[in-house]
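Undergrad: Provided herewith: model_16.txt, compact mmCIF, C-alpha atoms.
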# COMPACT_ATOMS: atom_id res chain seq x y z
CA MET A 17 0.00 0.00 0.00
CA SER A 18 2.89 2.39 0.76
CA ASP A 19 4.26 1.71 -2.74
CA PHE A 20 0.88 2.74 -4.14
CA PHE A 21 0.87 6.14 -2.43
CA SER A 22 4.54 6.77 -3.18
CA SER A 23 3.83 6.34 -6.89
CA ILE A 24 1.13 9.03 -6.97
CA GLY A 25 2.15 12.06 -9.01
CA LEU A 26 0.58 14.65 -11.26
CA PRO A 27 -0.45 12.17 -14.01
CA GLU A 28 -2.20 9.98 -11.43
CA ILE A 29 -4.02 13.00 -9.94
CA VAL A 30 -5.29 13.97 -13.39
CA ALA A 31 -6.35 10.36 -14.02
CA ALA A 32 -8.28 10.46 -10.74
CA THR A 33 -10.18 13.55 -11.95
CA LEU A 34 -11.06 11.55 -15.06
CA VAL A 35 -12.59 8.82 -12.89
CA LEU A 36 -14.38 11.42 -10.74
CA ALA A 37 -16.03 12.91 -13.83
CA LEU A 38 -16.97 9.44 -15.06
CA ASN A 39 -18.39 8.71 -11.59
CA ALA A 40 -20.58 11.83 -11.77
CA TYR A 41 -21.72 10.87 -15.27
CA VAL A 42 -22.71 7.37 -14.17
CA LEU A 43 -24.66 8.57 -11.12
CA MET A 44 -26.51 11.35 -12.96
CA ALA A 45 -26.74 10.61 -16.68
CA GLY A 46 -26.67 6.86 -15.98
CA ALA A 47 -29.95 7.15 -14.10
CA ASP A 48 -31.43 9.02 -17.09
CA PHE A 49 -30.44 6.16 -19.39
CA GLY A 50 -31.91 3.71 -16.90
CA GLY A 51 -35.16 5.66 -17.02
CA GLY A 52 -35.25 4.97 -20.75
CA VAL A 53 -34.90 1.25 -20.03
CA TRP A 54 -38.01 1.37 -17.83
CA ASP A 55 -39.80 3.50 -20.42
CA LEU A 56 -39.18 0.76 -22.97
CA ILE A 57 -40.63 -2.02 -20.80
CA ALA A 58 -43.29 -0.02 -18.94
CA SER A 59 -46.24 -2.29 -18.14
CA GLY A 60 -49.32 -2.66 -16.03
CA PRO A 61 -52.30 -0.34 -15.53
CA ARG A 62 -49.98 2.58 -14.71
CA ARG A 63 -47.60 2.23 -17.65
CA GLU A 64 -48.41 5.67 -19.07
CA ALA A 65 -48.05 7.21 -15.61
CA GLN A 66 -44.68 5.45 -15.30
CA ARG A 67 -43.55 7.00 -18.59
CA ALA A 68 -44.86 10.40 -17.51
CA LEU A 69 -42.90 10.19 -14.26
CA ILE A 70 -39.73 9.21 -16.13
CA ALA A 71 -40.14 12.13 -18.55
CA GLU A 72 -40.84 14.58 -15.72
CA SER A 73 -37.77 13.39 -13.80
CA ILE A 74 -35.45 13.51 -16.81
CA GLY A 75 -36.77 16.63 -18.53
CA PRO A 76 -35.27 19.46 -16.45
CA ILE A 77 -31.71 18.12 -16.22
CA TRP A 78 -31.01 15.43 -18.82
CA GLU A 79 -28.93 17.65 -21.10
CA ALA A 80 -26.92 19.19 -18.25
CA ASN A 81 -25.81 15.74 -17.11
CA HIS A 82 -23.79 15.26 -20.31
CA VAL A 83 -21.36 17.94 -19.15
CA TRP A 84 -19.59 15.17 -17.23
CA LEU A 85 -19.05 13.15 -20.40
CA ILE A 86 -17.61 16.26 -22.02
CA VAL A 87 -15.21 16.63 -19.07
CA VAL A 88 -14.14 12.99 -19.49
CA VAL A 89 -13.44 13.46 -23.21
CA VAL A 90 -11.60 16.77 -22.73
CA VAL A 91 -9.41 15.43 -19.91
CA LEU A 92 -8.59 12.26 -21.83
CA PHE A 93 -7.79 14.18 -25.03
CA THR A 94 -5.70 16.84 -23.28
CA ALA A 95 -3.90 14.84 -20.60
CA PHE A 96 -3.53 11.45 -22.29
CA PRO A 97 -3.52 12.05 -26.06
CA ASP A 98 -1.88 8.74 -26.97
CA ALA A 99 -4.58 6.79 -25.11
CA PHE A 100 -7.28 8.99 -26.66
CA GLY A 101 -5.91 8.28 -30.13
CA ALA A 102 -5.72 4.53 -29.55
CA LEU A 103 -9.29 4.39 -28.24
CA GLY A 104 -10.63 6.54 -31.05
CA VAL A 105 -9.04 4.34 -33.70
CA VAL A 106 -9.51 0.81 -32.36
CA LEU A 107 -12.97 1.38 -30.87
CA HIS A 108 -14.30 3.74 -33.53
CA ILE A 109 -17.27 1.46 -34.28
CA PRO A 110 -18.82 1.22 -30.78
CA ILE A 111 -17.87 4.82 -29.97
CA THR A 112 -19.59 6.11 -33.11
CA ILE A 113 -22.73 4.08 -32.46
CA MET A 114 -22.75 5.22 -28.82
CA LEU A 115 -22.50 8.89 -29.84
CA VAL A 116 -25.28 8.42 -32.39
CA GLY A 117 -27.32 6.82 -29.62
CA ILE A 118 -26.79 9.81 -27.32
CA VAL A 119 -27.91 12.24 -30.04
CA LEU A 120 -30.84 10.05 -31.13
CA ARG A 121 -31.98 9.61 -27.55
CA GLY A 122 -32.02 13.34 -26.84
CA SER A 123 -33.67 14.20 -30.15
CA ALA A 124 -36.34 11.52 -29.77
CA PHE A 125 -37.10 12.67 -26.22
CA MET A 126 -37.66 16.23 -27.43
CA PHE A 127 -39.74 15.20 -30.45
CA ARG A 128 -41.91 12.95 -28.29
CA SER A 129 -42.44 15.70 -25.73
CA TYR A 130 -42.94 18.70 -28.01
CA GLY A 131 -42.70 17.84 -31.69
CA SER A 132 -45.49 15.36 -32.33
CA ARG A 133 -49.19 15.88 -31.71
CA SER A 134 -50.42 12.45 -32.76
CA HIS A 135 -50.44 9.47 -30.43
CA GLN A 136 -48.77 7.31 -33.08
CA GLY A 137 -45.99 9.87 -33.59
CA ARG A 138 -45.32 10.13 -29.87
CA HIS A 139 -45.30 6.33 -29.67
CA HIS A 140 -42.66 6.00 -32.40
CA TRP A 141 -40.45 8.72 -30.90
CA GLY A 142 -40.87 7.11 -27.49
CA ARG A 143 -39.65 3.79 -28.86
CA ALA A 144 -36.64 5.50 -30.42
CA PHE A 145 -35.85 7.25 -27.13
CA ALA A 146 -36.16 4.07 -25.08
CA SER A 147 -34.22 1.87 -27.54
CA ALA A 148 -31.35 4.37 -27.68
CA SER A 149 -31.40 4.46 -23.87
CA VAL A 150 -30.63 0.73 -23.85
CA VAL A 151 -28.12 0.58 -26.70
CA THR A 152 -26.02 3.55 -25.53
CA PRO A 153 -25.14 2.27 -22.01
CA LEU A 154 -24.68 -1.21 -23.44
CA LEU A 155 -21.98 0.15 -25.77
CA LEU A 156 -20.47 2.27 -22.99
CA GLY A 157 -20.01 -0.92 -20.97
CA VAL A 158 -18.66 -2.76 -23.99
CA ILE A 159 -16.05 -0.01 -24.46
CA VAL A 160 -15.03 -0.24 -20.80
CA GLY A 161 -14.83 -4.03 -21.07
CA ALA A 162 -12.72 -3.85 -24.22
CA ILE A 163 -10.28 -1.45 -22.53
CA SER A 164 -10.06 -3.68 -19.46
CA SER A 165 -9.39 -6.79 -21.51
CA GLY A 166 -6.15 -5.35 -22.86
CA ALA A 167 -7.25 -6.05 -26.44
CA VAL A 168 -7.40 -2.34 -27.30
CA GLY A 169 -3.80 -1.77 -26.27
CA ARG A 170 -2.60 -4.80 -28.20
CA ALA A 171 -4.52 -3.82 -31.34
CA ALA A 172 -3.30 -0.21 -31.14
CA SER A 173 0.32 -1.27 -30.77
CA SER A 174 0.24 -3.48 -33.89
CA PRO A 175 -2.66 -2.37 -36.14
CA MET A 176 -1.15 -4.01 -39.23
CA ALA A 177 -0.85 -7.42 -37.59
CA GLY A 178 -4.36 -8.56 -38.43
CA SER A 179 -7.41 -8.06 -40.59
CA PHE A 180 -9.98 -5.27 -40.14
CA VAL A 181 -12.12 -7.60 -38.02
CA ASP A 182 -9.15 -8.63 -35.87
CA VAL A 183 -8.17 -5.03 -35.10
CA TYR A 184 -11.48 -3.15 -35.04
CA VAL A 185 -14.15 -5.72 -34.13
CA HIS A 186 -12.71 -8.55 -32.04
CA PRO A 187 -11.43 -6.26 -29.22
CA TRP A 188 -15.01 -5.29 -28.28
CA ALA A 189 -17.23 -7.99 -29.83
CA ALA A 190 -16.13 -10.58 -27.29
CA PRO A 191 -17.84 -12.30 -24.32
CA PHE A 192 -16.23 -10.22 -21.56
CA PRO A 193 -16.94 -6.76 -23.05
CA LEU A 194 -20.51 -7.81 -23.88
CA ALA A 195 -21.02 -9.03 -20.31
CA VAL A 196 -19.73 -5.70 -18.99
CA GLY A 197 -22.20 -4.02 -21.36
CA GLY A 198 -25.07 -5.95 -19.81
CA PHE A 199 -23.69 -5.15 -16.36
CA THR A 200 -23.69 -1.42 -17.22
CA VAL A 201 -27.31 -1.51 -18.41
CA SER A 202 -28.36 -3.27 -15.20
CA ILE A 203 -26.48 -0.67 -13.09
CA PHE A 204 -28.22 2.20 -14.85
CA ALA A 205 -31.62 0.51 -14.62
CA PHE A 206 -31.10 -0.13 -10.91
CA LEU A 207 -30.11 3.49 -10.23
CA ALA A 208 -33.07 4.82 -12.20
CA ALA A 209 -35.61 2.64 -10.45
CA VAL A 210 -34.28 3.56 -7.01
CA TYR A 211 -34.20 7.28 -7.86
CA LEU A 212 -37.75 7.15 -9.24
CA THR A 213 -39.11 5.79 -5.95
CA VAL A 214 -38.04 9.12 -4.43
CA ALA A 215 -39.21 11.19 -7.41
CA THR A 216 -42.93 10.71 -6.78
CA THR A 217 -45.46 10.87 -3.96
CA HIS A 218 -47.78 8.44 -5.75
CA ASP A 219 -47.86 5.21 -3.72
CA GLY A 220 -48.70 3.02 -6.71
CA LEU A 221 -45.82 4.35 -8.79
CA ARG A 222 -43.46 4.00 -5.86
CA ASP A 223 -44.45 0.35 -5.55
CA ASP A 224 -43.98 -0.15 -9.30
CA PHE A 225 -40.43 1.18 -9.28
CA ARG A 226 -39.62 -0.47 -5.97
CA GLU A 227 -40.39 -3.83 -7.59
CA ARG A 228 -38.36 -2.92 -10.65
CA ALA A 229 -35.42 -1.83 -8.50
CA LEU A 230 -35.41 -5.17 -6.70
CA TRP A 231 -35.45 -7.07 -9.99
CA ALA A 232 -32.69 -4.82 -11.34
CA ALA A 233 -30.63 -5.63 -8.22
CA VAL A 234 -30.94 -9.32 -9.09
CA ALA A 235 -29.88 -8.64 -12.70
CA LEU A 236 -26.95 -6.57 -11.45
CA LEU A 237 -25.81 -9.45 -9.24
CA VAL A 238 -26.09 -11.93 -12.13
CA PHE A 239 -24.15 -9.75 -14.58
CA ALA A 240 -21.54 -8.95 -11.92
CA GLY A 241 -20.94 -12.67 -11.37
CA LEU A 242 -20.86 -13.39 -15.10
CA SER A 243 -18.43 -10.51 -15.74
CA LEU A 244 -16.13 -11.70 -12.96
CA ILE A 245 -16.13 -15.26 -14.27
CA LEU A 246 -15.40 -14.14 -17.84
CA ALA A 247 -12.73 -11.72 -16.59
CA HIS A 248 -10.50 -14.67 -15.63
CA TRP A 249 -10.15 -15.37 -19.38
CA GLY A 250 -11.03 -12.05 -21.00
CA ALA A 251 -9.42 -9.59 -18.55
CA PRO A 252 -7.11 -11.45 -16.17
CA ARG A 253 -5.53 -8.26 -14.83
CA VAL A 254 -8.92 -6.95 -13.72
CA ALA A 255 -9.83 -10.30 -12.19
CA ALA A 256 -6.54 -10.43 -10.29
CA GLY A 257 -6.94 -6.85 -9.08
CA ILE A 258 -10.52 -7.31 -7.89
CA THR A 259 -9.88 -10.61 -6.14
CA GLY A 260 -6.25 -10.49 -5.04
CA SER A 261 -5.23 -6.90 -4.31
CA PRO A 262 -4.62 -5.66 -0.74
CA TRP A 263 -7.64 -3.36 -1.04
CA SER A 264 -9.99 -5.94 -2.57
CA VAL A 265 -11.36 -7.33 0.71
CA VAL A 266 -12.20 -3.86 2.03
CA LEU A 267 -13.76 -2.91 -1.31
CA HIS A 268 -15.92 -6.05 -1.45
CA LEU A 269 -17.08 -5.59 2.13
CA ALA A 270 -17.97 -1.93 1.55
CA THR A 271 -19.77 -2.74 -1.71
CA GLY A 272 -21.65 -5.59 -0.06
CA VAL A 273 -22.75 -3.35 2.81
CA ALA A 274 -23.93 -0.68 0.37
CA ALA A 275 -25.83 -3.23 -1.74
CA ALA A 276 -27.46 -4.82 1.32
CA THR A 277 -28.43 -1.39 2.65
CA ALA A 278 -29.99 -0.42 -0.70
CA ILE A 279 -32.00 -3.63 -0.92
CA LEU A 280 -33.07 -3.43 2.73
CA GLY A 281 -34.08 0.19 2.25
CA LEU A 282 -36.23 -0.79 -0.73
CA TRP A 283 -37.72 -3.71 1.15
CA ARG A 284 -38.66 -1.49 4.10
CA ARG A 285 -39.72 1.36 1.80
CA GLN A 286 -37.05 3.66 3.18
CA TYR A 287 -36.41 5.14 -0.23
CA ALA A 288 -34.11 8.02 0.70
CA ILE A 289 -31.72 5.58 2.40
CA ALA A 290 -31.93 3.21 -0.56
CA ARG A 291 -31.00 6.04 -2.96
CA ILE A 292 -27.87 6.97 -1.00
CA ALA A 293 -26.82 3.34 -0.64
CA ALA A 294 -27.40 2.60 -4.34
CA ALA A 295 -25.25 5.57 -5.36
CA ALA A 296 -22.53 4.41 -2.94
CA GLN A 297 -22.67 0.87 -4.30
CA VAL A 298 -22.24 2.00 -7.91
CA THR A 299 -19.46 4.40 -6.93
CA LEU A 300 -17.55 1.62 -5.19
CA ILE A 301 -17.94 -0.65 -8.22
CA LEU A 302 -16.56 2.06 -10.52
CA TRP A 303 -13.57 2.85 -8.32
CA GLY A 304 -12.88 -0.84 -7.85
CA TRP A 305 -12.60 -1.16 -11.63
CA ALA A 306 -10.31 1.89 -11.79
CA LEU A 307 -8.03 0.55 -9.06
CA SER A 308 -7.85 -2.85 -10.74
CA GLU A 309 -6.54 -1.12 -13.89
CA TYR A 310 -3.85 0.89 -12.05
CA PRO A 311 -1.23 1.88 -13.16
CA TYR A 312 -2.47 1.26 -16.71
CA LEU A 313 -4.74 3.30 -18.93
CA LEU A 314 -4.62 0.61 -21.61
CA PRO A 315 -3.73 -2.72 -20.01
CA SER A 316 -1.14 -3.94 -20.44
CA THR A 317 0.63 -1.74 -22.97
CA MET A 318 0.20 1.88 -21.82
CA THR A 319 0.51 3.14 -18.25
CA ILE A 320 -0.85 6.43 -16.99
CA ARG A 321 2.65 7.93 -17.05
CA ASP A 322 3.42 6.53 -20.52
CA ALA A 323 0.33 8.24 -21.93
CA ALA A 324 0.57 11.50 -19.96
CA ALA A 325 1.08 14.83 -21.71
CA PRO A 326 3.93 17.15 -20.62
CA ARG A 327 3.81 18.42 -17.05
CA ILE A 328 2.93 21.99 -18.03
CA THR A 329 -0.12 20.70 -19.92
CA LEU A 330 -1.29 18.73 -16.89
CA GLU A 331 -0.79 21.72 -14.59
CA LEU A 332 -2.74 24.06 -16.86
CA LEU A 333 -5.48 21.46 -17.25
CA LEU A 334 -5.90 21.14 -13.48
CA ILE A 335 -6.03 24.94 -13.16
CA GLY A 336 -8.71 25.04 -15.86
CA LEU A 337 -10.70 22.27 -14.18
CA ALA A 338 -10.53 24.04 -10.83
CA GLY A 339 -11.70 27.30 -12.39
CA GLY A 340 -14.49 25.54 -14.25
CA ALA A 341 -15.62 23.74 -11.10
CA VAL A 342 -16.15 27.10 -9.39
CA ILE A 343 -18.79 27.85 -12.02
CA LEU A 344 -20.06 24.36 -12.82
CA VAL A 345 -20.68 22.85 -9.39
CA PRO A 346 -22.81 25.72 -7.96
CA SER A 347 -24.73 25.94 -11.25
CA LEU A 348 -25.56 22.22 -11.23
CA ARG A 349 -26.45 22.41 -7.54
CA TYR A 350 -28.86 25.26 -8.28
CA LEU A 351 -30.37 23.34 -11.20
CA LEU A 352 -30.85 20.17 -9.18
CA ARG A 353 -32.22 21.97 -6.14
CA ASN A 354 -34.80 23.92 -8.13
CA PHE A 355 -35.85 21.44 -10.78
CA ALA A 356 -34.93 17.89 -9.76
CA SER A 357 -35.37 17.66 -5.99
CA ARG A 358 -39.15 17.95 -5.78
CA PRO A 359 -41.26 14.79 -5.92
CA ALA A 360 -43.67 14.78 -8.85
CA ASP A 361 -47.24 15.77 -8.12
CA SER A 362 -49.38 12.64 -7.67
CA SER A 363 -52.48 14.20 -9.18
CA ARG A 364 -50.75 14.79 -12.53
CA LEU A 365 -49.49 11.21 -12.75
CA SER A 366 -52.64 9.34 -11.77
Please go through the file and, once you have read it, give me the structure as structure tokens.

TA:
Amino acid sequence: MSDFFSSIGLPEIVAATLVLALNAYVLMAGADFGGGVWDLIASGPRREAQRALIAESIGPIWEANHVWLIVVVVVLFTAFPDAFGALGVVLHIPITIMLVGIVLRGSAFMFRSYGSRSHQGRHHWGRAFASASVVTPLLLGVIVGAISSGAVGRAASSPMAGSFVDVYVHPWAAPFPLAVGGFTVSIFAFLAAVYLTVATTHDGLRDDFRERALWAAVALLVFAGLSLILAHWGAPRVAAGITGSPWSVVLHLATGVAAATAILGLWRRQYAIARIAAAAQVTLILWGWALSEYPYLLPSTMTIRDAAAPRITLELLLIGLAGGAVILVPSLRYLLRNFASRPADSSRLS
């Protein structure tokens, strides 16, 4: 552990800000994507009320949440240009589809809400919104899985060593990345369902999303186990880090406590507690993945320090991030406090 802290320098601090921004994106925008999952499979006598609640919860803040993805891209491009280039080349197919999904999702949400007056038109735009909400996080997870497997680094280091499929398809179209994609969708669906239990005062809708949150917790557990099993073949470094590192026992205990607290909170209908615990659980999962990758950005060919830009660039980037945070954080806090912290009115959702 002392070796870990002694190796922390400016590149590692910047990499930590990258993970912090990704963490914020998962907790905020991830829940919006999860809402789209539940929109797609809304059912029962209150299915239209479920969709209305999802739209009302997403509407005021969904676009602002993407600022965190922008921060991730800017930090990666500025601080670690070699890694950014390798990812953009090797994973150009899933990245392009994911970006199209983000744009299609936002456009479809707006057209469904304001651009179509017919029921059929709103239905079609709603399907586009919900489908993109599933495909986009699936591909985000696939990209993370492909990076963790080490296949991206190997393909980037020798792009002429194989066919187009070998270099640009096999690194992500493999069992482990696809399992991580399913894991990501289940995480987002779980977060969304838990958040939506707090977003309404309607008892029936709370019960609907409570049930969905419990089922999503089961799916999350299944995909977590499947991803860990496949990691032993598809991403051995991640598997070794998660199961054999000095911090792994503490991480697993903390994640288990958070997961148990979230499920118990849902079971007892203590929704505010469940929301905090669910966010903590997902945060611990994300940081566990990041720690298992350390010190690599692209296992096992490019470390954080190998990929880092010159020191002056990193220093200026941190200064810019600090200055931006002075504006961004209070603005987002104001937005959330005024538009996203009030439970939806039951009478409008009945």

Undergrad: Quick one: pull the distance between atom CA of A:Thr299 and atom CA of A:Ala99, Å, one decimal.

TA: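 We find that atom CA of A:Thr299 and atom CA of A:Ala99 lie 23.6 Å from each other.
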
Undergrad: For A:Ala341, work out the shell of residues within 12 Å, counting all atoms listed in the file and skipping chain neighbours fewer than 6 positions away, then give it as a list of chain:residue names.

TA: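 Within the cut-off, the hits are A:Thr33, A:Ala37, A:Val83, A:Trp84, A:Val87, A:Leu334, A:Ile335, A:Ser347, A:Leu348, A:Arg349.
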
Undergrad: Let me make sure I understand: among A:Pro61, A:Pro315, A:Gly166, A:Pro193, which one has the smallest atom-to-atom distance to A:Pro110 if we use only C-alpha atoms?

TA: A:Pro193

Undergrad: Find the residues near A:Gly117: any atom within 10 Å, counting all atoms listed in the file, skip ones fewer than 4 places away on the same chain, and give them as a ChimeraX atom specification.

TA: /A:111-113,121-123,144-145,147-153,155

Undergrad: Would you mind telling me which residue in A:Ala95, A:Leu313, A:Leu85, A:Ile74 lies nearest to A:Ile118 when using all atoms listed in the file?

TA: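 Of all the options, A:Leu85 lies closest to A:Ile118.
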
Undergrad: Enter the distance from atom CA of A:Ala167 to atom CA of A:Leu120, in Å, rounded to one decimal.

TA: 28.9 Å

Undergrad: Env of A:Ile70: 9 Å cut, atoms = all atoms listed in the file, seq-sep filter 2 positions within chain, self excluded. Answer as a ChimeraX atom specification.

TA: /A:48,51-52,54-55,65-68,72-75,208,212,215

Undergrad: Could you tell me how far atom CA of A:Ser174 lies from atom CA of A:Val30, in Å and to one decimal?

TA: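 Taking atom CA of A:Ser174 and atom CA of A:Val30, their separation equals 27.5 Å.
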
Undergrad: Got a sec: who's within 9 Å of A:Ala240, counting all atoms listed in the file, leaving out chain neighbours fewer than 3 positions off, as a ChimeraX atom specification?

TA: /A:195-196,199,235-237,243-245

Undergrad: Between A:Ala190, A:Ile328, A:Leu56, A:Val185, which residue has the minimum interatomic distance to A:Leu107, considering all atoms listed in the file?

TA: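 Answer, going by the shortest atom-to-atom distance: A:Val185.
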